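The structure under discussion appears below in the form of structure tokens.
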Amino acid sequence: MIPAIAEVVPHAGEMMLLDHIVAFDAESIACALTVKPGGLFNADDGSLPAWLGVELMAQSIAAWAGCQARMEQRPVSAGFLLGTRHYLCNADFFPSGSELRIEAIREFHDEHGMGVFTCRIDAAELHAEARLTVFSPPDAQAFLESSTHESLPHE
């Protein structure tokens with residue numbers, strides 16, 4: 001059974017950019033978004049800037065991780081986008097009304113939470129692609145707390 005996107009991605013409100021999950025398995029996920037005007041990142045004409053594709057890909061990876069967590073009866077937790085070396089898109093904007101299909105395929109994932117996914121976004125006459133590196137620590141809250149304490153100045 002395919003869960004609702006809000007059940008598997010730890011984003012809320014206007015930061016939840018995806019509409020729904022189309023399909024997923026142990027190695028990949030496909031999500032969808034119909035570009036609608038009025039969102040946090042929309043231009044005046046209702047389009048989305050193409051650079052937002054990286055976030056759409058990252059949220060698709062988060063959805064994949066959330067689906068895996070649910071299947072293993074673990075809580076959904078936060079992950080971190082570390083980056084990409086190349087993001088290619090054949091347009092500057094995703095026009096309002098575009099129906100985007102966002103796919104992520106796992107290439108590598110280790111027991112420490114490091115992962116690499118090949119991602120793509122397709123719609124009529126639109127295509128974007130990237131390889132994203134992500135990190136999903138076993139306990140994201142503990143990781144954030146330890147990182148915060150380590151970065152604070154010591155007296």
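Every chain in the structure tokens takes a letter, A first, then B, and so on in the order presented; its residues are numbered from 1, and the ligands are numbered from 1 following the presented order.
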
* Could you pull out all residues of stretch 90-134 of chain A with a DSSP call of strand (DSSP E or B) and give them as JSON, numbers by chain? -> {"A": [93, 94, 99, 100, 101, 102, 103, 104, 105, 106, 107, 108, 109, 114, 115, 116, 117, 118, 119, 120, 121, 122, 123, 126, 127, 128, 129, 130, 131, 132, 133, 134]}

Preceding selection exported with N, CA and C atoms as a tab-separated table (two decimals), in the first residue's frame:
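So selection-v6.tsv came out as:
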```
chain	number	residue	atom	x	y	z
A	93	PHE	N	12.54	27.19	-15.67
A	93	PHE	CA	11.37	27.11	-14.80
A	93	PHE	C	10.55	25.87	-15.14
A	94	PHE	N	9.82	25.37	-14.15
A	94	PHE	CA	8.79	24.36	-14.36
A	94	PHE	C	7.47	25.14	-14.44
A	99	GLU	N	2.93	18.69	-14.96
A	99	GLU	CA	2.83	17.51	-14.12
A	99	GLU	C	4.19	16.85	-14.10
A	100	LEU	N	4.88	17.01	-12.98
A	100	LEU	CA	6.25	16.50	-12.84
A	100	LEU	C	6.24	15.10	-12.24
A	101	ARG	N	7.09	14.26	-12.78
A	101	ARG	CA	7.34	12.94	-12.20
A	101	ARG	C	8.78	12.97	-11.71
A	102	ILE	N	8.97	12.75	-10.41
A	102	ILE	CA	10.29	12.81	-9.80
A	102	ILE	C	10.68	11.39	-9.39
A	103	GLU	N	11.79	10.90	-9.89
A	103	GLU	CA	12.25	9.55	-9.59
A	103	GLU	C	13.60	9.58	-8.91
A	104	ALA	N	13.79	8.68	-7.97
A	104	ALA	CA	15.08	8.51	-7.29
A	104	ALA	C	15.38	7.02	-7.22
A	105	ILE	N	16.60	6.67	-7.61
A	105	ILE	CA	17.05	5.27	-7.57
A	105	ILE	C	18.30	5.19	-6.71
A	106	ARG	N	18.26	4.30	-5.74
A	106	ARG	CA	19.39	4.15	-4.82
A	106	ARG	C	20.55	3.48	-5.54
A	107	GLU	N	21.72	4.13	-5.47
A	107	GLU	CA	22.95	3.55	-6.00
A	107	GLU	C	23.80	2.97	-4.88
A	108	PHE	N	23.77	3.64	-3.73
A	108	PHE	CA	24.64	3.25	-2.61
A	108	PHE	C	23.96	3.70	-1.33
A	109	HIS	N	24.08	2.86	-0.31
A	109	HIS	CA	23.56	3.22	1.01
A	109	HIS	C	24.29	2.34	2.02
A	114	MET	N	24.93	7.03	5.05
A	114	MET	CA	25.34	7.72	3.83
A	114	MET	C	24.66	7.05	2.63
A	115	GLY	N	24.22	7.87	1.68
A	115	GLY	CA	23.58	7.31	0.51
A	115	GLY	C	23.79	8.18	-0.72
A	116	VAL	N	23.69	7.55	-1.89
A	116	VAL	CA	23.77	8.24	-3.17
A	116	VAL	C	22.60	7.75	-4.01
A	117	PHE	N	21.88	8.70	-4.62
A	117	PHE	CA	20.72	8.39	-5.44
A	117	PHE	C	20.84	9.09	-6.79
A	118	THR	N	20.50	8.37	-7.85
A	118	THR	CA	20.38	8.97	-9.16
A	118	THR	C	18.93	9.43	-9.28
A	119	CYS	N	18.75	10.70	-9.63
A	119	CYS	CA	17.41	11.27	-9.66
A	119	CYS	C	17.13	11.91	-11.01
A	120	ARG	N	15.83	12.00	-11.31
A	120	ARG	CA	15.40	12.66	-12.53
A	120	ARG	C	14.02	13.24	-12.34
A	121	ILE	N	13.75	14.29	-13.09
A	121	ILE	CA	12.42	14.89	-13.14
A	121	ILE	C	12.03	14.94	-14.61
A	122	ASP	N	10.83	14.45	-14.90
A	122	ASP	CA	10.35	14.46	-16.28
A	122	ASP	C	8.94	15.03	-16.33
A	123	ALA	N	8.67	15.76	-17.38
A	123	ALA	CA	7.35	16.28	-17.72
A	123	ALA	C	7.39	16.57	-19.21
A	126	LEU	N	10.22	18.68	-20.52
A	126	LEU	CA	11.10	19.07	-19.41
A	126	LEU	C	11.87	17.85	-18.93
A	127	HIS	N	13.14	18.08	-18.60
A	127	HIS	CA	13.95	16.99	-18.03
A	127	HIS	C	15.02	17.59	-17.14
A	128	ALA	N	15.18	17.01	-15.97
A	128	ALA	CA	16.26	17.40	-15.06
A	128	ALA	C	16.86	16.12	-14.50
A	129	GLU	N	18.14	16.18	-14.17
A	129	GLU	CA	18.79	15.01	-13.58
A	129	GLU	C	19.93	15.43	-12.67
A	130	ALA	N	20.19	14.57	-11.68
A	130	ALA	CA	21.28	14.81	-10.74
A	130	ALA	C	21.56	13.53	-9.97
A	131	ARG	N	22.72	13.48	-9.38
A	131	ARG	CA	23.09	12.44	-8.41
A	131	ARG	C	23.21	13.14	-7.08
A	132	LEU	N	22.36	12.78	-6.13
A	132	LEU	CA	22.35	13.43	-4.82
A	132	LEU	C	23.01	12.55	-3.78
A	133	THR	N	23.80	13.19	-2.92
A	133	THR	CA	24.40	12.52	-1.77
A	133	THR	C	23.61	12.96	-0.55
A	134	VAL	N	23.19	11.97	0.25
A	134	VAL	CA	22.37	12.24	1.41
A	134	VAL	C	22.94	11.54	2.64
```

Show me, as an MDAnalysis selection string, the residues that have an atom within 7 Å of stretch 53-63 of chain A when counting only C-alpha atoms, minus same-chain residues fewer than 4 positions from it.
chainID A and resid 5 8:9 17:18 29 31 67 79 81 102 104 119

Legend entry - DSSP alpha helix (DSSP H) residues within chain A, listed as a PyMOL selection string: chain A and resi 5-8+53-71+140-151

Go ahead and save the residues from that selection, with C-alpha atoms, as a compact mmCIF listing (two decimals), in the first residue's frame.
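The resulting out_34.txt:
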```
# COMPACT_ATOMS: atom_id res chain seq x y z
CA ILE A 5 3.30 11.72 1.34
CA ALA A 6 2.75 13.57 4.64
CA GLU A 7 3.10 10.26 6.52
CA VAL A 8 6.62 9.55 5.24
CA GLY A 53 14.30 20.50 -8.68
CA VAL A 54 17.12 19.55 -6.31
CA GLU A 55 14.72 19.92 -3.36
CA LEU A 56 12.04 17.93 -5.18
CA MET A 57 14.57 15.16 -5.67
CA ALA A 58 15.67 15.35 -2.01
CA GLN A 59 12.06 15.15 -0.82
CA SER A 60 11.54 12.11 -3.04
CA ILE A 61 14.54 10.47 -1.38
CA ALA A 62 13.06 11.40 2.01
CA ALA A 63 9.80 9.76 0.93
CA TRP A 64 11.72 6.62 -0.08
CA ALA A 65 13.46 6.53 3.32
CA GLY A 66 10.12 7.10 5.08
CA CYS A 67 8.51 4.24 3.14
CA GLN A 68 11.41 1.95 4.07
CA ALA A 69 11.12 2.98 7.73
CA ARG A 70 7.39 2.24 7.77
CA MET A 71 7.92 -1.16 6.15
CA ALA A 140 18.80 12.19 13.70
CA GLN A 141 17.82 14.01 16.91
CA ALA A 142 20.90 12.77 18.78
CA PHE A 143 23.05 13.68 15.78
CA LEU A 144 21.66 17.23 15.70
CA GLU A 145 22.11 17.65 19.45
CA SER A 146 25.70 16.40 19.37
CA SER A 147 26.49 18.58 16.35
CA THR A 148 25.05 21.66 18.08
CA HIS A 149 27.05 21.05 21.24
CA GLU A 150 30.27 20.46 19.31
CA SER A 151 29.88 23.74 17.42
```

Of A:Ala78, A:Ala12, A:Ala23, A:Leu88, the one nearest to A:Gly113 when counting only C-alpha atoms is A:Ala78

Correct to one decimal, the distance atom CA of A:Phe135-atom CA of A:Leu82 is 6.8 Å

| message | Calculated over only C-alpha atoms, which of the candidates A:Ala4, A:Ile21, A:Ala26, A:Leu33 has the smallest distance to A:Leu48? | response |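 Answer, going by the shortest atom-to-atom distance: A:Leu33.
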
ask   = Which is closer to A:Met1 than all the others in A:Val35, A:Asp25, A:Glu125, A:His86, using only C-alpha atoms?
value =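 Among the listed residues, the smallest separation from A:Met1 belongs to A:Asp25.
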
Pairwise distance, atom CA of A:Ala50 with atom CA of A:Met16, equals 16.7 Å
